[in-house]
$ cat model-v8.cif   # mmCIF, C-alpha atoms and all ligand atoms
data_model
loop_
_atom_site.label_atom_id
_atom_site.label_comp_id
_atom_site.auth_asym_id
_atom_site.auth_seq_id
_atom_site.Cartn_x
_atom_site.Cartn_y
_atom_site.Cartn_z
CA MET A 1 0.00 0.00 0.00
CA ALA A 2 1.39 3.35 -1.08
CA ASN A 3 -0.32 5.18 1.77
CA THR A 4 1.33 2.99 4.37
CA GLY A 5 4.66 3.81 2.70
CA VAL A 6 4.02 7.52 3.23
CA ILE A 7 3.22 6.99 6.91
CA VAL A 8 6.26 4.76 7.42
CA SER A 9 8.64 7.25 5.72
CA GLY A 10 7.15 10.01 7.85
CA ALA A 11 7.65 7.95 10.99
CA ILE A 12 11.26 7.18 10.00
CA LEU A 13 12.02 10.89 9.38
CA LEU A 14 10.41 11.72 12.70
CA GLY A 15 12.47 9.00 14.35
CA ILE A 16 15.71 10.39 12.85
CA ALA A 17 14.73 13.88 14.01
CA ILE A 18 14.03 12.68 17.57
CA LEU A 19 17.31 10.74 17.55
CA GLY A 20 19.15 13.82 16.30
CA PHE A 21 17.44 15.87 18.97
CA LEU A 22 18.41 13.54 21.83
CA TYR A 23 21.63 11.90 20.66
CA PRO A 24 24.64 13.18 22.64
CA ILE A 25 27.42 14.50 20.42
CA ASN A 26 30.12 14.92 23.06
CA ASP A 27 31.27 13.48 26.39
CA MET A 28 29.16 15.96 28.31
CA GLY A 29 25.99 14.48 26.84
CA TRP A 30 25.05 17.50 24.80
CA SER A 31 22.75 17.06 21.88
CA VAL A 32 23.00 19.22 18.75
CA PRO A 33 20.08 21.52 19.67
CA GLN A 34 21.59 22.00 23.15
CA ALA A 35 24.91 22.94 21.60
CA HIS A 36 23.09 25.30 19.27
CA GLU A 37 21.35 26.89 22.26
CA LEU A 38 24.67 27.35 24.02
CA CYS A 39 26.10 29.00 20.92
CA SER A 40 23.17 31.41 20.94
CA SER A 41 23.72 32.29 24.61
CA GLY A 42 25.78 35.29 25.72
CA LEU A 43 28.78 33.12 26.55
CA GLY A 44 28.58 31.39 23.18
CA GLN A 45 28.36 34.72 21.36
CA LEU A 46 31.45 35.90 23.26
CA GLY A 47 33.34 32.71 22.41
CA GLN A 48 32.45 33.11 18.74
CA ALA A 49 33.69 36.69 18.76
CA PHE A 50 37.12 35.51 19.95
CA SER A 51 37.51 32.26 18.07
CA GLY A 52 36.80 31.59 14.43
CA ASP A 53 36.76 27.85 15.18
CA ILE A 54 33.94 28.17 17.71
CA GLN A 55 32.08 30.38 15.24
CA LYS A 56 32.44 27.70 12.56
CA ILE A 57 31.33 24.89 14.88
CA CYS A 58 28.39 26.95 16.12
CA LEU A 59 27.34 27.63 12.53
CA GLU A 60 27.45 23.90 11.80
CA PHE A 61 25.37 23.17 14.89
CA ARG A 62 22.86 25.74 13.75
CA TYR A 63 22.47 24.09 10.32
CA ILE A 64 22.23 20.62 11.84
CA THR A 65 19.61 21.87 14.31
CA TYR A 66 17.55 23.39 11.50
CA GLY A 67 18.00 20.14 9.59
CA ILE A 68 16.66 18.16 12.54
CA TYR A 69 13.69 20.48 12.93
CA GLY A 70 13.07 20.31 9.18
CA LEU A 71 13.18 16.49 9.15
CA GLY A 72 10.82 16.35 12.11
CA LEU A 73 8.40 18.75 10.44
CA ILE A 74 8.46 16.84 7.14
CA GLY A 75 8.01 13.59 9.09
CA ILE A 76 4.94 14.95 10.91
CA ILE A 77 3.45 16.28 7.65
CA LEU A 78 4.05 12.93 5.88
CA VAL A 79 2.39 11.01 8.72
CA ILE A 80 -0.63 13.36 8.74
CA VAL A 81 -0.94 13.29 4.92
CA GLY A 82 -0.60 9.50 4.93
CA VAL A 83 -3.30 9.12 7.57
CA VAL A 84 -5.64 11.55 5.77
CA ILE A 85 -5.12 9.81 2.39
CA THR A 86 -5.71 6.39 3.93
CA HIS A 87 -8.83 7.64 5.66
CA LYS A 88 -10.18 9.25 2.50
CA SER A 89 -9.45 6.31 0.24
CA LYS A 90 -11.21 4.02 2.71
CA GLU A 91 -14.24 6.26 2.48
CA LYS A 92 -14.18 6.42 -1.29
CA THR A 93 -13.02 3.02 -2.46
CA LEU A 94 -16.18 1.07 -3.09
CA THR A 95 -15.22 -2.03 -5.01
CA CYS A 96 -17.78 -4.26 -6.64
CA ALA A 97 -18.09 -7.64 -4.94
CA TYR A 98 -18.45 -9.43 -8.29
CA CYS A 99 -15.96 -7.67 -10.61
CA ASN A 100 -13.12 -5.11 -10.42
CA PHE A 101 -15.43 -2.14 -10.83
CA VAL A 102 -14.68 0.71 -8.39
CA ALA A 103 -17.50 3.14 -7.71
CA MET A 104 -17.11 6.69 -6.43
CA SER A 105 -20.24 6.54 -4.33
CA GLU A 106 -22.50 3.99 -2.70
CA THR A 107 -25.34 4.93 -5.05
CA GLU A 108 -23.11 4.34 -8.07
CA LEU A 109 -22.02 0.95 -6.75
CA LEU A 110 -25.64 -0.01 -6.12
CA LYS A 111 -26.61 1.03 -9.64
CA HIS A 112 -23.68 -0.92 -11.10
CA SER A 113 -24.61 -4.04 -9.14
CA SER A 114 -28.26 -3.81 -10.20
CA ASP A 115 -27.25 -3.31 -13.85
CA LYS A 116 -24.53 -5.95 -14.12
CA HIS A 117 -24.88 -8.53 -11.40
CA LEU A 118 -28.54 -8.73 -10.48
CA ASP A 119 -28.53 -12.47 -11.29
CA LYS A 120 -25.80 -13.04 -8.68
CA SER A 121 -27.74 -11.37 -5.91
CA PRO A 122 -28.80 -13.70 -3.09
CA TYR A 123 -31.79 -11.48 -2.33
CA LYS A 124 -34.43 -13.13 -4.50
CA CYS A 125 -38.10 -12.83 -3.83
CA GLY A 126 -39.69 -16.16 -2.91
CA HIS A 127 -43.07 -15.18 -4.35
CA CYS A 128 -42.25 -13.61 -7.73
CA ASP A 129 -39.31 -13.03 -10.10
CA PHE A 130 -38.09 -9.93 -8.30
CA ILE A 131 -34.42 -9.73 -7.36
CA GLY A 132 -33.11 -7.04 -5.00
CA ILE A 133 -29.43 -6.19 -5.02
CA THR A 134 -29.53 -5.50 -1.27
CA GLU A 135 -31.44 -7.00 1.61
CA GLU A 136 -33.08 -3.63 2.20
CA ILE A 137 -34.44 -3.46 -1.36
CA LEU A 138 -35.87 -6.99 -1.09
CA TRP A 139 -37.35 -6.12 2.30
CA ASN A 140 -39.07 -3.07 0.80
CA HIS A 141 -40.31 -5.23 -2.07
CA TYR A 142 -41.88 -7.71 0.37
CA ASN A 143 -43.56 -4.89 2.25
CA ASP A 144 -44.87 -3.27 -0.94
CA GLU A 145 -45.83 -6.31 -3.03
CA HIS A 146 -46.43 -9.16 -0.64
CA PRO A 147 -47.33 -7.58 2.70
CA ASN A 148 -49.39 -10.59 3.78
CA GLU A 149 -46.88 -13.31 2.82
CA LYS A 150 -44.27 -14.85 5.06
CA LYS A 151 -40.95 -12.96 4.60
CA TRP A 152 -38.29 -15.67 4.40
ZN ZN A 201 -19.36 -5.41 -10.84
ZN ZN A 202 -41.95 -10.56 -5.00
#
$ encode --input "model-v8.cif" --output "structure tokens" --more "lines below"
Ligand SMILES: [Zn+2]
Ligand SMILES: [Zn+2]
Amino acid sequence: MANTGVIVSGAILLGIAILGFLYPINDMGWSVPQAHELCSSGLGQLGQAFSGDIQKICLEFRYITYGIYGLGLIGIILVIVGVVITHKSKEKTLTCAYCNFVAMSETELLKHSSDKHLDKSPYKCGHCDFIGITEEILWNHYNDEHPNEKKW
């Protein structure tokens, strides 16, 4: 299923983002976003002003942090889109029980079944030649045409 693929890729991206968010990058157990935060602090700004190396590292941390946030965001969007698509396609996919016909609405499917597969319907009237494509239609037929007969 393509929709499941979207959800899974979203979940994987989200997982990478969470990992990137929590994974310690040095002995002090800092994660990248923590390092980025430190770089943005007053002390970090001061360090960057004095050392080009710190400035370079801080810049890298900033890009990695944005990357992590970006991955997480894309992951969340993919999961939401995947769920919405799956939900919608479940609502809309009405496949004929007798052939590969896919209807866009319940009414269309009912019409298709009555047109093409009426002979396959199990809902046959026991008192005349009438065939209903659904139980409800046959029930209505009994009530209209044979109200005094036994149903089935
Ligand atoms: Zn059909
Ligand atoms: Zn009948």
$ residues_near_ligand --input "model-v8.cif" --ligand "ligand ZN 201 (chain A)" --cutoff "9 Å" --atoms "only C-alpha atoms and all ligand atoms" --output "number ranges by chain"
A: 95-102, 109, 112-113, 115-117
$ closest_atom_pairs --input "model-v8.cif" --of "chain A" --to "ligand ZN 202 (chain A)" --cutoff "9 Å" --atoms "only C-alpha atoms and all ligand atoms" --output "JSON lines"
{"residue": "A:Lys124", "atom": "CA", "partner": "A:ZN202", "partner_atom": "ZN", "distance": 8.0}
{"residue": "A:Cys125", "atom": "CA", "partner": "A:ZN202", "partner_atom": "ZN", "distance": 4.6}
{"residue": "A:Gly126", "atom": "CA", "partner": "A:ZN202", "partner_atom": "ZN", "distance": 6.4}
{"residue": "A:His127", "atom": "CA", "partner": "A:ZN202", "partner_atom": "ZN", "distance": 4.8}
{"residue": "A:Cys128", "atom": "CA", "partner": "A:ZN202", "partner_atom": "ZN", "distance": 4.1}
{"residue": "A:Asp129", "atom": "CA", "partner": "A:ZN202", "partner_atom": "ZN", "distance": 6.3}
{"residue": "A:Phe130", "atom": "CA", "partner": "A:ZN202", "partner_atom": "ZN", "distance": 5.1}
{"residue": "A:Ile131", "atom": "CA", "partner": "A:ZN202", "partner_atom": "ZN", "distance": 7.9}
{"residue": "A:Leu138", "atom": "CA", "partner": "A:ZN202", "partner_atom": "ZN", "distance": 8.1}
{"residue": "A:His141", "atom": "CA", "partner": "A:ZN202", "partner_atom": "ZN", "distance": 6.3}
{"residue": "A:Tyr142", "atom": "CA", "partner": "A:ZN202", "partner_atom": "ZN", "distance": 6.1}
{"residue": "A:Asp144", "atom": "CA", "partner": "A:ZN202", "partner_atom": "ZN", "distance": 8.8}
{"residue": "A:Glu145", "atom": "CA", "partner": "A:ZN202", "partner_atom": "ZN", "distance": 6.1}
{"residue": "A:His146", "atom": "CA", "partner": "A:ZN202", "partner_atom": "ZN", "distance": 6.4}
$ atom_distance --input "model-v8.cif" --atom1 "atom CA of Tyr66 of chain A" --atom2 "atom CA of Leu38 of chain A"
14.9 Å
$ atom_distance --input "model-v8.cif" --atom1 "atom CA of Ala35 of chain A" --atom2 "atom CA of Val8 of chain A"
29.7 Å
$ atom_distance --input "model-v8.cif" --atom1 "atom CA of Ile137 of chain A" --atom2 "atom CA of Ser105 of chain A"
17.6 Å
$ residues_around --input "model-v8.cif" --residues "Val83 of chain A" --least-positions-apart "3" --cutoff "9 Å" --atoms "all atoms listed in the file" --output "PyMOL selection string"
chain A and resi 3-4+6-7+78-80+86-88
$ write_last_selection --input "model-v8.cif" --atoms "C-alpha atoms" --output "short mmCIF file (atom, residue, chain, number, x, y, z; two decimals), in the coordinates of the input"
data_model
loop_
_atom_site.label_atom_id
_atom_site.label_comp_id
_atom_site.auth_asym_id
_atom_site.auth_seq_id
_atom_site.Cartn_x
_atom_site.Cartn_y
_atom_site.Cartn_z
CA ASN A 3 -0.32 5.18 1.77
CA THR A 4 1.33 2.99 4.37
CA VAL A 6 4.02 7.52 3.23
CA ILE A 7 3.22 6.99 6.91
CA LEU A 78 4.05 12.93 5.88
CA VAL A 79 2.39 11.01 8.72
CA ILE A 80 -0.63 13.36 8.74
CA THR A 86 -5.71 6.39 3.93
CA HIS A 87 -8.83 7.64 5.66
CA LYS A 88 -10.18 9.25 2.50
#
$ closest_residue --input "model-v8.cif" --among "A:Cys39, A:Leu118, A:Ile16, A:Ile76" --to "Glu60 of chain A" --atoms "only C-alpha atoms"
A:Cys39
$ residues_around --input "model-v8.cif" --residues "Gln34 of chain A" --least-positions-apart "2" --cutoff "10 Å" --atoms "all atoms listed in the file" --output "list of chain:residue names"
A:Phe21, A:Leu22, A:Pro24, A:Ile25, A:Gly29, A:Trp30, A:Ser31, A:Val32, A:His36, A:Glu37, A:Leu38, A:Cys39, A:Ser40, A:Phe61, A:Thr65
$ closest_residue --input "model-v8.cif" --among "A:Pro122, A:Gly52, A:Gly10, A:Gly42" --to "Gly70 of chain A" --atoms "all atoms listed in the file"
A:Gly10
